[in-house]
4 protein chains.
Amino acid sequence: MSGSTFGKLFTVSTFGESHGPGLGGIVDGCPAGIPLDESIIQLELDRRKPGQGGLASTARKEADQIKILSGVFEGVTTGTPIGFYIENTDHRSNDYSKIKDVFRPGHADFTFNGKFGFRDYRGGGRSSGRETVSRVAAGAIAQELLKAEGISIYAYTVELGGIPAEIVDIESAQSQPYFSPDPEAPAKWDERIKDVKSQGDTIGGVVEVRATCVPVGLGEPVFDKLDAKLAHALMSVGAVKGVEIGSGLQAACSLGSLNNDPIGPDGFLSNNAGGILGGISSGQDVVARAYIKPIPSISQEQQTVTTSGDATTITIGGRHDIAAIPRINPVLKAMMALTLADLLLIDRRLGVRD
Amino acid sequence: MSGSTFGKLFTVSTFGESHGPGLGGIVDGCPAGIPLDESIIQLELDRRKPGQGGLASTARKEADQIKILSGVFEGVTTGTPIGFYIENTDHRSNDYSKIKDVFRPGHADFTFNGKFGFRDYRGGGRSSGRETVSRVAAGAIAQELLKAEGISIYAYTVELGGIPAEIVDIESAQSQPYFSPDPEAPAKWDERIKDVKSQGDTIGGVVEVRATCVPVGLGEPVFDKLDAKLAHALMSVGAVKGVEIGSGLQAACSLGSLNNDPIGPDGFLSNNAGGILGGISSGQDVVARAYIKPIPSISQEQQTVTTSGDATTITIGGRHDIAAIPRINPVLKAMMALTLADLLLIDRRLGVRD
Amino acid sequence: MSGSTFGKLFTVSTFGESHGPGLGGIVDGCPAGIPLDESIIQLELDRRKPGQGGLASTARKEADQIKILSGVFEGVTTGTPIGFYIENTDHRSNDYSKIKDVFRPGHADFTFNGKFGFRDYRGGGRSSGRETVSRVAAGAIAQELLKAEGISIYAYTVELGGIPAEIVDIESAQSQPYFSPDPEAPAKWDERIKDVKSQGDTIGGVVEVRATCVPVGLGEPVFDKLDAKLAHALMSVGAVKGVEIGSGLQAACSLGSLNNDPIGPDGFLSNNAGGILGGISSGQDVVARAYIKPIPSISQEQQTVTTSGDATTITIGGRHDIAAIPRINPVLKAMMALTLADLLLIDRRLGVRD
Amino acid sequence: MSGSTFGKLFTVSTFGESHGPGLGGIVDGCPAGIPLDESIIQLELDRRKPGQGGLASTARKEADQIKILSGVFEGVTTGTPIGFYIENTDHRSNDYSKIKDVFRPGHADFTFNGKFGFRDYRGGGRSSGRETVSRVAAGAIAQELLKAEGISIYAYTVELGGIPAEIVDIESAQSQPYFSPDPEAPAKWDERIKDVKSQGDTIGGVVEVRATCVPVGLGEPVFDKLDAKLAHALMSVGAVKGVEIGSGLQAACSLGSLNNDPIGPDGFLSNNAGGILGGISSGQDVVARAYIKPIPSISQEQQTVTTSGDATTITIGGRHDIAAIPRINPVLKAMMALTLADLLLIDRRLGVRD
């Protein structure tokens, strides 16, 4: 529970670094009888692959082949822990001499070194975004559980490099470049990416995550509110610097009379609350947005220090993404799925409601 | 652990409703030997009282007298759980017939009813903002622990009803109306409050929370990152709809070359990261902002339904605040303190660093 | 979670010392709609009072009046945390000068001092058996939840000072001296107590705890087996030095052919397993036994050291019990109830079974 | 946290079944800088292999080759999760038709089926003793951490099939058949095993587990006492039906004057307490004993029912052990190591003591 486990009843624990033999995890607490095989998880992992959408990510090959090691028997979960593993196939013996003794700005080099006394300098180690494969795998399992309850989750890009998208169709966004809900946005984003790349720079953006058909009642009062757990889940993904629920930041400069969602006999008449009231799901769509910072690895020269504290500069070359979007989208989807699955099982303790 | 406990090593568990006999909690895991008495906690509780700053809150009397019930001996903590209690002295037997069978828009009435099958209809029960007295009391204890490590925490208003404040002096903000870091803001905010009140409406705002002198190393990689725990902590406070760290939302439309904080021999040259890299404190100020929605209790007529699902309207009268700010500020401060105290003790497991 | 919280979903956190203002706790996670009032809890607390049965405990008055502070509305639990409190009314300002600087053999004085750097020397502080009032109160709530599922729990004395009882009637044992399941044992035990008391000495014994009508399925494979959680629960009670399940110690010198419980069409034909197979309840009675050491406070002179490490002797006078039995019985019952309640709610995550 | 995770700060989560691809786990929370490689873990795993000591276990080959997947860099732990994996090499495609539809007496077949609705019928699945390889691997890591603090752990057989051993030398017991502390016991035990085997039966025994050089202060008052956690840890191992601490069961029929450990200027003069007072380590050896039931797989005919509830009989043939001892010994050692490692790190939260 020192940081690599998420959830209380439906839990995932993960391990693995960017340049070790592989990464994986354990999903514990999943009820028995949920249909599961490797292909279901592989589908989500493939969405996280580089080169899936737009020009934001480089085309390097990362196989990310999932292997289920336990907890599934004759095509369904058994109720016991589901171990899974993804081998690192692409960790060629790079030359790390350039970054070994230098702290890269915007990376965790400085803080890992400060916390643990040294660091795995090969590409970030545990702090690398590579750890998110385990989240995506576990999230795919959570999504199967949620699917059995009718709940679906979507993660689509609503802004990239300052250029917004309209939310036209979230269903088809899943197969669009950049997971764009707006058919016209990807072309503009491609332009932006090309421009930024030519300057050796990187950009950020905003991803909206939405769960539909969530039953009333998920979330626990006070500290384990659905919005609190969701904020925790999303903010735990590297590069996320802000999280908002429903009308979010706009609520702060709105009026009570405008921000309250009136209720009619057929349900709520608006959804400024983002589907959460008092920390508990209201039956409306659960809506959150994650604000993503630009990738810190840029090819411009940056000012920094060596591990001995001497001033130096660093220019990070190589095959780096220009934006965390769209590769981060399935990760955010996974985190919402893990959050909802956990709160769903916790809510079941109350017994069946009429 | 079903929602009313926060933290892993330095934990607080709370109980209590707006209209029961009282509220309280237990702080467990606090090291022995920290100076503590009731007056230290009372000071923070008094900051949460109505009428402390500006016109945002009504002047009704809430005594909120803290009583320490255990865990302190001869003026210092003993290392065993600190029980505390705050009696409800102001819960006059109101007439609840008006709200008993109606769901108030923007409140947790609908979702509590859906989750638990019924609700304590007397003023919100457990979902009332009144539960935050326990957070403030626990946070005061956490702040004593942090003080022993040299860490201080500030929570000041940076926007109210759409009107921003400049951050001029956070030290003196503690004794300013609205905990304003800008001596000129309170007058403008008073005007805004008067105006909104006259329309029977309410407003929100933005509070910045900052910890100074935080050592390098707090936060655990992957799921228990400092920013993730902080987002959880702040978002768990009712009315908070968004949380950002450092440059936060601005990061999403910035460039990597601008958003990265360069490092010099004397430390970081900027703090867009908000004092957190890879989820671990960097030694800079830890900076977060909470976006607060308007108080949902408004005196304008609102459309809603009865608990039987029939259309009706509701007009909420009585002594209600116009904004959660500034009463929410000590609550947010408490939540950051609880987060840092917990991560501080978890980090100690690694043993002494040089 | 640093020691004063038990359970994962149905949790109790406690606080309080023997000589502070009072003791109490918080039960969190209890489903809504369970009938509860103070009289139900008081009944169990009264069973823990001195002088309830036999001569083992002194007749001093401990009022132990329960006060429910939250979580109950109109006679039923609300699903939110149940705070409770028991004032210390009997903590007269004793003269502690005799024990202040001396470690009492068999007590926690030495280890508390070593762990926390000092100790609350007034009668044991947090290490006093007095903390068990909170367990009994919480256990009474757990028993109400279990009762709603048809589960009952019994704790009866099967040996005292080396003299065994026969298990004749566990139902009526609840109202017998020493909670004896054997109408003939109390007289023999009274004799033993008188004899030991006259020598300034103390005795131990064995208590059996039994749950009836437990459904199949409670307990989680591997680390959170029902027997493991039960052993944890019972061993956490001061004075318990051994725990066995079912045939327990006898199993160690038995044969597989004798120790296995055969299964017939109407169920198991014996219960050596104590109602637990593979860590999961089998539907038979869950049976555990706790081995209790003699009370360490004896009026004979004992060899010890001062807090400065100098050799000295101590003779502990005053109103001390001769045996922890029968006052410990309701505490053990409470611990089994808390264990089962927690595992019951955790098991519910799996959904309804046919 | 639904059963496959142990510990709060130094945690192990495990996965895997007897007949799946493999077993493994994640150790999280281990401080950085502890020397670790696969050979250290392999040594402990080899102690758990069949045929290591005496005739109690069959000689079938189980390679149990450990593979570290993360958390170790340049020969030391990095402070991030240590993933490990042990492939199942010996799971030949057996014929399970005989046990598929029958509940084996003394096994978890009946309760797994009842809990999860069906079961992995191939040799026990998750309920098989095979899961303990993950405990042993994790325990080996815990022992490295403890070693750095000077703490050693021993597990030796003190009784087998009713025949006791004398505790002559616990150091050399590690390399004796049956991990016997008495050079004369193994021959007697061999005889007993031969005899029992010829009758198609099985036996149990008693294992003592001891930690030396434990510092004062490990264990948390009330629920997370060292003895309570230890009882939890040991009882969670399949086949353990009783746990005692120090004088244990003898304490129940002793006198206070005999059972209290007097204290002299050089320390305690006896160790009836088993190194634990008030749930906190006293600096003496921590001593616990686990009572092990006979292996339930016997080759005698047993009465049972089919999964449809019809009466039948079963005769379990094949390569089964006669006693869980000595293969269970390294497992019990591992569980004590995991318990102490966790409490050691939790205790560090208090800061450095003088």
# chains A, B, ... in the order shown; residues from 1 in each chain; ligands from 1
$ interface_residues --of "chain A" --to "chain D" --cutoff "9 Å" --atoms "only C-alpha atoms" --output "PyMOL selection string"
chain A and resi 1-5+7-17+20-33+68-74+78-83+115-120+126
$ residues_around --residues "A:Gly256" --least-positions-apart "3" --cutoff "9 Å" --atoms "only C-alpha atoms" --output "PyMOL selection string"
(chain A and resi 251+259-260) or (chain B and resi 106+201-204+293-298)
$ write_last_selection --atoms "all heavy atoms" --output "mmCIF file, in the first residue's frame"
data_model
loop_
_atom_site.group_PDB
_atom_site.id
_atom_site.type_symbol
_atom_site.label_atom_id
_atom_site.label_comp_id
_atom_site.auth_asym_id
_atom_site.auth_seq_id
_atom_site.Cartn_x
_atom_site.Cartn_y
_atom_site.Cartn_z
ATOM 1 N N ALA A 251 -17.964 26.675 -12.520
ATOM 2 C CA ALA A 251 -18.815 26.804 -11.339
ATOM 3 C C ALA A 251 -18.304 27.893 -10.411
ATOM 4 O O ALA A 251 -19.088 28.598 -9.758
ATOM 5 C CB ALA A 251 -18.884 25.473 -10.598
ATOM 6 N N ASN A 259 -26.003 27.416 -11.498
ATOM 7 C CA ASN A 259 -25.197 26.208 -11.377
ATOM 8 C C ASN A 259 -25.975 25.004 -10.827
ATOM 9 O O ASN A 259 -25.664 23.856 -11.137
ATOM 10 C CB ASN A 259 -23.971 26.483 -10.492
ATOM 11 C CG ASN A 259 -22.939 25.375 -10.607
ATOM 12 O OD1 ASN A 259 -22.402 25.140 -11.688
ATOM 13 N ND2 ASN A 259 -22.684 24.675 -9.515
ATOM 14 N N ASN A 260 -26.973 25.269 -9.980
ATOM 15 C CA ASN A 260 -27.812 24.162 -9.492
ATOM 16 C C ASN A 260 -28.506 23.484 -10.675
ATOM 17 O O ASN A 260 -28.956 24.169 -11.602
ATOM 18 C CB ASN A 260 -28.891 24.685 -8.540
ATOM 19 C CG ASN A 260 -28.332 25.033 -7.162
ATOM 20 O OD1 ASN A 260 -27.209 24.685 -6.835
ATOM 21 N ND2 ASN A 260 -29.135 25.720 -6.367
ATOM 22 N N GLY B 106 -28.948 20.746 -6.093
ATOM 23 C CA GLY B 106 -27.560 21.044 -5.741
ATOM 24 C C GLY B 106 -27.112 20.443 -4.429
ATOM 25 O O GLY B 106 -25.943 20.516 -4.073
ATOM 26 N N ASP B 201 -29.281 35.188 -4.497
ATOM 27 C CA ASP B 201 -28.408 34.225 -5.178
ATOM 28 C C ASP B 201 -27.119 33.982 -4.374
ATOM 29 O O ASP B 201 -26.946 34.543 -3.282
ATOM 30 C CB ASP B 201 -28.074 34.746 -6.586
ATOM 31 C CG ASP B 201 -28.070 33.615 -7.615
ATOM 32 O OD1 ASP B 201 -27.699 32.488 -7.241
ATOM 33 O OD2 ASP B 201 -28.436 33.875 -8.779
ATOM 34 N N THR B 202 -26.252 33.144 -4.890
ATOM 35 C CA THR B 202 -24.993 32.801 -4.206
ATOM 36 C C THR B 202 -23.847 32.731 -5.225
ATOM 37 O O THR B 202 -24.081 32.646 -6.429
ATOM 38 C CB THR B 202 -25.101 31.410 -3.524
ATOM 39 O OG1 THR B 202 -25.440 30.448 -4.522
ATOM 40 C CG2 THR B 202 -26.162 31.417 -2.429
ATOM 41 N N ILE B 203 -22.615 32.760 -4.733
ATOM 42 C CA ILE B 203 -21.439 32.732 -5.618
ATOM 43 C C ILE B 203 -20.375 31.727 -5.150
ATOM 44 O O ILE B 203 -20.406 31.254 -4.021
ATOM 45 C CB ILE B 203 -20.762 34.121 -5.732
ATOM 46 C CG1 ILE B 203 -20.515 34.699 -4.328
ATOM 47 C CG2 ILE B 203 -21.582 35.048 -6.608
ATOM 48 C CD1 ILE B 203 -19.702 35.970 -4.344
ATOM 49 N N GLY B 204 -19.437 31.450 -6.058
ATOM 50 C CA GLY B 204 -18.303 30.587 -5.750
ATOM 51 C C GLY B 204 -16.999 31.354 -5.825
ATOM 52 O O GLY B 204 -16.994 32.588 -5.848
ATOM 53 N N LYS B 293 -17.808 25.796 -5.962
ATOM 54 C CA LYS B 293 -19.089 26.140 -6.589
ATOM 55 C C LYS B 293 -19.900 27.051 -5.667
ATOM 56 O O LYS B 293 -19.618 27.143 -4.456
ATOM 57 C CB LYS B 293 -19.884 24.871 -6.923
ATOM 58 C CG LYS B 293 -20.532 24.179 -5.733
ATOM 59 C CD LYS B 293 -21.493 23.062 -6.195
ATOM 60 C CE LYS B 293 -22.224 22.454 -4.998
ATOM 61 N NZ LYS B 293 -23.191 21.416 -5.392
ATOM 62 N N PRO B 294 -20.911 27.740 -6.212
ATOM 63 C CA PRO B 294 -21.772 28.583 -5.359
ATOM 64 C C PRO B 294 -22.555 27.704 -4.378
ATOM 65 O O PRO B 294 -22.876 26.555 -4.690
ATOM 66 C CB PRO B 294 -22.729 29.248 -6.352
ATOM 67 C CG PRO B 294 -22.134 29.064 -7.710
ATOM 68 C CD PRO B 294 -21.313 27.813 -7.631
ATOM 69 N N ILE B 295 -22.849 28.245 -3.221
ATOM 70 C CA ILE B 295 -23.705 27.587 -2.228
ATOM 71 C C ILE B 295 -25.023 27.201 -2.905
ATOM 72 O O ILE B 295 -25.648 28.045 -3.539
ATOM 73 C CB ILE B 295 -23.992 28.589 -1.076
ATOM 74 C CG1 ILE B 295 -22.709 28.922 -0.316
ATOM 75 C CG2 ILE B 295 -25.117 28.091 -0.171
ATOM 76 C CD1 ILE B 295 -22.348 27.974 0.778
ATOM 77 N N PRO B 296 -25.463 25.952 -2.795
ATOM 78 C CA PRO B 296 -26.695 25.565 -3.491
ATOM 79 C C PRO B 296 -27.978 26.075 -2.836
ATOM 80 O O PRO B 296 -29.018 26.122 -3.513
ATOM 81 C CB PRO B 296 -26.644 24.032 -3.480
ATOM 82 C CG PRO B 296 -25.692 23.671 -2.397
ATOM 83 C CD PRO B 296 -24.754 24.812 -2.230
ATOM 84 N N SER B 297 -27.911 26.443 -1.559
ATOM 85 C CA SER B 297 -29.122 26.967 -0.901
ATOM 86 C C SER B 297 -29.348 28.417 -1.309
ATOM 87 O O SER B 297 -28.669 29.323 -0.823
ATOM 88 C CB SER B 297 -28.978 26.885 0.626
ATOM 89 O OG SER B 297 -29.002 25.545 1.041
ATOM 90 N N ILE B 298 -30.310 28.643 -2.218
ATOM 91 C CA ILE B 298 -30.615 30.001 -2.659
ATOM 92 C C ILE B 298 -32.069 30.320 -2.313
ATOM 93 O O ILE B 298 -32.885 29.410 -2.157
ATOM 94 C CB ILE B 298 -30.389 30.176 -4.181
ATOM 95 C CG1 ILE B 298 -31.280 29.209 -4.979
ATOM 96 C CG2 ILE B 298 -28.928 29.945 -4.531
ATOM 97 C CD1 ILE B 298 -31.213 29.417 -6.484
#
$ select_by_dssp --residues "stretch 263-308 of chain D" --states "strand (DSSP E or B)" --output "PDB file with N, CA and C atoms, in the first residue's frame"
ATOM      1  N   ILE D 263      11.836  -8.691  36.031  1.00  0.00           N
ATOM      2  CA  ILE D 263      12.806  -7.874  35.292  1.00  0.00           C
ATOM      3  C   ILE D 263      13.992  -7.575  36.192  1.00  0.00           C
ATOM      4  N   GLY D 264      15.183  -7.786  35.688  1.00  0.00           N
ATOM      5  CA  GLY D 264      16.387  -7.428  36.416  1.00  0.00           C
ATOM      6  C   GLY D 264      17.127  -6.325  35.685  1.00  0.00           C
ATOM      7  N   GLY D 267      17.886  -7.126  32.225  1.00  0.00           N
ATOM      8  CA  GLY D 267      16.783  -7.529  31.352  1.00  0.00           C
ATOM      9  C   GLY D 267      15.837  -8.505  32.010  1.00  0.00           C
ATOM     10  N   PHE D 268      14.945  -9.069  31.212  1.00  0.00           N
ATOM     11  CA  PHE D 268      13.955 -10.011  31.729  1.00  0.00           C
ATOM     12  C   PHE D 268      14.635 -11.294  32.179  1.00  0.00           C
ATOM     13  N   ILE D 276       6.747 -10.347  23.883  1.00  0.00           N
ATOM     14  CA  ILE D 276       5.716  -9.354  23.548  1.00  0.00           C
ATOM     15  C   ILE D 276       4.946  -8.964  24.812  1.00  0.00           C
ATOM     16  N   LEU D 277       4.904  -7.679  25.121  1.00  0.00           N
ATOM     17  CA  LEU D 277       4.137  -7.184  26.270  1.00  0.00           C
ATOM     18  C   LEU D 277       3.207  -6.070  25.787  1.00  0.00           C
ATOM     19  N   ILE D 280       3.554  -5.238  22.106  1.00  0.00           N
ATOM     20  CA  ILE D 280       4.750  -4.553  21.601  1.00  0.00           C
ATOM     21  C   ILE D 280       5.982  -5.393  21.961  1.00  0.00           C
ATOM     22  N   SER D 281       6.918  -5.486  21.017  1.00  0.00           N
ATOM     23  CA  SER D 281       8.111  -6.288  21.264  1.00  0.00           C
ATOM     24  C   SER D 281       8.918  -5.717  22.425  1.00  0.00           C
ATOM     25  N   VAL D 286      11.171 -13.094  20.006  1.00  0.00           N
ATOM     26  CA  VAL D 286       9.745 -13.240  19.738  1.00  0.00           C
ATOM     27  C   VAL D 286       9.501 -14.708  19.384  1.00  0.00           C
ATOM     28  N   VAL D 287       8.633 -15.366  20.166  1.00  0.00           N
ATOM     29  CA  VAL D 287       8.451 -16.809  20.031  1.00  0.00           C
ATOM     30  C   VAL D 287       6.973 -17.158  19.831  1.00  0.00           C
ATOM     31  N   ALA D 288       6.684 -17.857  18.743  1.00  0.00           N
ATOM     32  CA  ALA D 288       5.318 -18.319  18.482  1.00  0.00           C
ATOM     33  C   ALA D 288       5.363 -19.778  18.049  1.00  0.00           C
ATOM     34  N   ARG D 289       4.268 -20.470  18.279  1.00  0.00           N
ATOM     35  CA  ARG D 289       4.162 -21.859  17.824  1.00  0.00           C
ATOM     36  C   ARG D 289       2.896 -22.030  17.004  1.00  0.00           C
ATOM     37  N   ALA D 290       3.045 -22.757  15.877  1.00  0.00           N
ATOM     38  CA  ALA D 290       1.901 -23.031  15.016  1.00  0.00           C
ATOM     39  C   ALA D 290       1.565 -24.510  15.082  1.00  0.00           C
ATOM     40  N   TYR D 291       0.277 -24.817  15.268  1.00  0.00           N
ATOM     41  CA  TYR D 291      -0.207 -26.198  15.340  1.00  0.00           C
ATOM     42  C   TYR D 291      -0.789 -26.579  13.983  1.00  0.00           C
ATOM     43  N   ILE D 292      -0.195 -27.623  13.397  1.00  0.00           N
ATOM     44  CA  ILE D 292      -0.487 -27.985  12.010  1.00  0.00           C
ATOM     45  C   ILE D 292      -1.353 -29.234  11.967  1.00  0.00           C
ATOM     46  N   GLU D 301     -10.386 -44.660   2.005  1.00  0.00           N
ATOM     47  CA  GLU D 301     -11.676 -44.248   1.455  1.00  0.00           C
ATOM     48  C   GLU D 301     -12.397 -43.325   2.429  1.00  0.00           C
ATOM     49  N   GLN D 302     -12.968 -42.232   1.896  1.00  0.00           N
ATOM     50  CA  GLN D 302     -13.689 -41.283   2.746  1.00  0.00           C
ATOM     51  C   GLN D 302     -15.102 -41.047   2.214  1.00  0.00           C
ATOM     52  N   GLN D 303     -15.989 -40.743   3.149  1.00  0.00           N
ATOM     53  CA  GLN D 303     -17.380 -40.468   2.822  1.00  0.00           C
ATOM     54  C   GLN D 303     -17.536 -39.007   2.413  1.00  0.00           C
ATOM     55  N   THR D 304     -18.214 -38.761   1.315  1.00  0.00           N
ATOM     56  CA  THR D 304     -18.416 -37.368   0.898  1.00  0.00           C
ATOM     57  C   THR D 304     -19.634 -37.272  -0.003  1.00  0.00           C
ATOM     58  N   VAL D 305     -19.802 -36.104  -0.648  1.00  0.00           N
ATOM     59  CA  VAL D 305     -20.924 -35.921  -1.576  1.00  0.00           C
ATOM     60  C   VAL D 305     -20.404 -35.351  -2.894  1.00  0.00           C
ATOM     61  N   THR D 306     -21.202 -35.513  -3.922  1.00  0.00           N
ATOM     62  CA  THR D 306     -20.886 -34.890  -5.208  1.00  0.00           C
ATOM     63  C   THR D 306     -21.333 -33.429  -5.164  1.00  0.00           C
TER      64      THR D 306
END
$ atom_distance --atom1 "atom CA of B:Ala56" --atom2 "atom CA of B:Thr315"
19.7 Å
$ residues_around --residues "stretch 39-42 of chain C" --least-positions-apart "4" --cutoff "9 Å" --atoms "only C-alpha atoms" --output "ChimeraX atom specification"
/C:46-47,64-66,136-141,144
$ residues_around --residues "D:Gln176" --least-positions-apart "2" --cutoff "12 Å" --atoms "only C-alpha atoms" --output "JSON, numbers by chain"
{"D": [47, 52, 53, 54, 155, 156, 157, 168, 169, 170, 171, 172, 173, 174, 178, 179, 180, 181, 182, 183, 184, 185, 186, 187, 326]}
$ write_last_selection --atoms "C-alpha atoms" --output "compact mmCIF listing (two decimals), in the first residue's frame"
# COMPACT_ATOMS: atom_id res chain seq x y z
CA ARG D 47 13.95 -24.96 1.49
CA GLN D 52 14.31 -31.60 1.45
CA GLY D 53 14.11 -33.28 4.81
CA GLY D 54 12.91 -36.58 6.11
CA ALA D 155 11.36 -22.07 12.11
CA TYR D 156 11.97 -25.54 13.52
CA THR D 157 9.82 -28.57 14.17
CA VAL D 168 18.91 -28.32 21.28
CA ASP D 169 20.18 -26.08 18.50
CA ILE D 170 18.00 -23.81 16.38
CA GLU D 171 20.91 -22.52 14.32
CA SER D 172 21.81 -25.92 12.88
CA ALA D 173 18.13 -26.92 12.60
CA GLN D 174 18.05 -24.98 9.34
CA TYR D 178 12.55 -31.74 9.16
CA PHE D 179 14.34 -28.56 10.28
CA SER D 180 14.77 -30.43 13.55
CA PRO D 181 16.38 -28.61 16.50
CA ASP D 182 17.06 -32.04 18.00
CA PRO D 183 19.53 -34.36 16.20
CA GLU D 184 17.75 -37.40 17.58
CA ALA D 185 14.22 -36.59 16.48
CA PRO D 186 14.45 -37.14 12.70
CA ALA D 187 15.04 -40.87 13.00
CA PRO D 326 8.81 -29.60 6.97
$ residues_around --residues "C:Lys229" --least-positions-apart "6" --cutoff "10 Å" --atoms "only C-alpha atoms" --output "ChimeraX atom specification"
/C:7,219-220,223,235,279,335-336,338-340,342-343 /D:228-229,231-233,235-236
$ atom_distance --atom1 "atom CA of A:Tyr154" --atom2 "atom CA of A:Ser128"
24.4 Å
$ atom_distance --atom1 "atom CA of C:Asp101" --atom2 "atom CA of C:Ser308"
7.9 Å
$ select_by_dssp --residues "stretch 166-297 of chain C" --states "alpha helix (DSSP H)" --output "ChimeraX atom specification"
/C:170-173,185-198,226-235,249-252,256-259
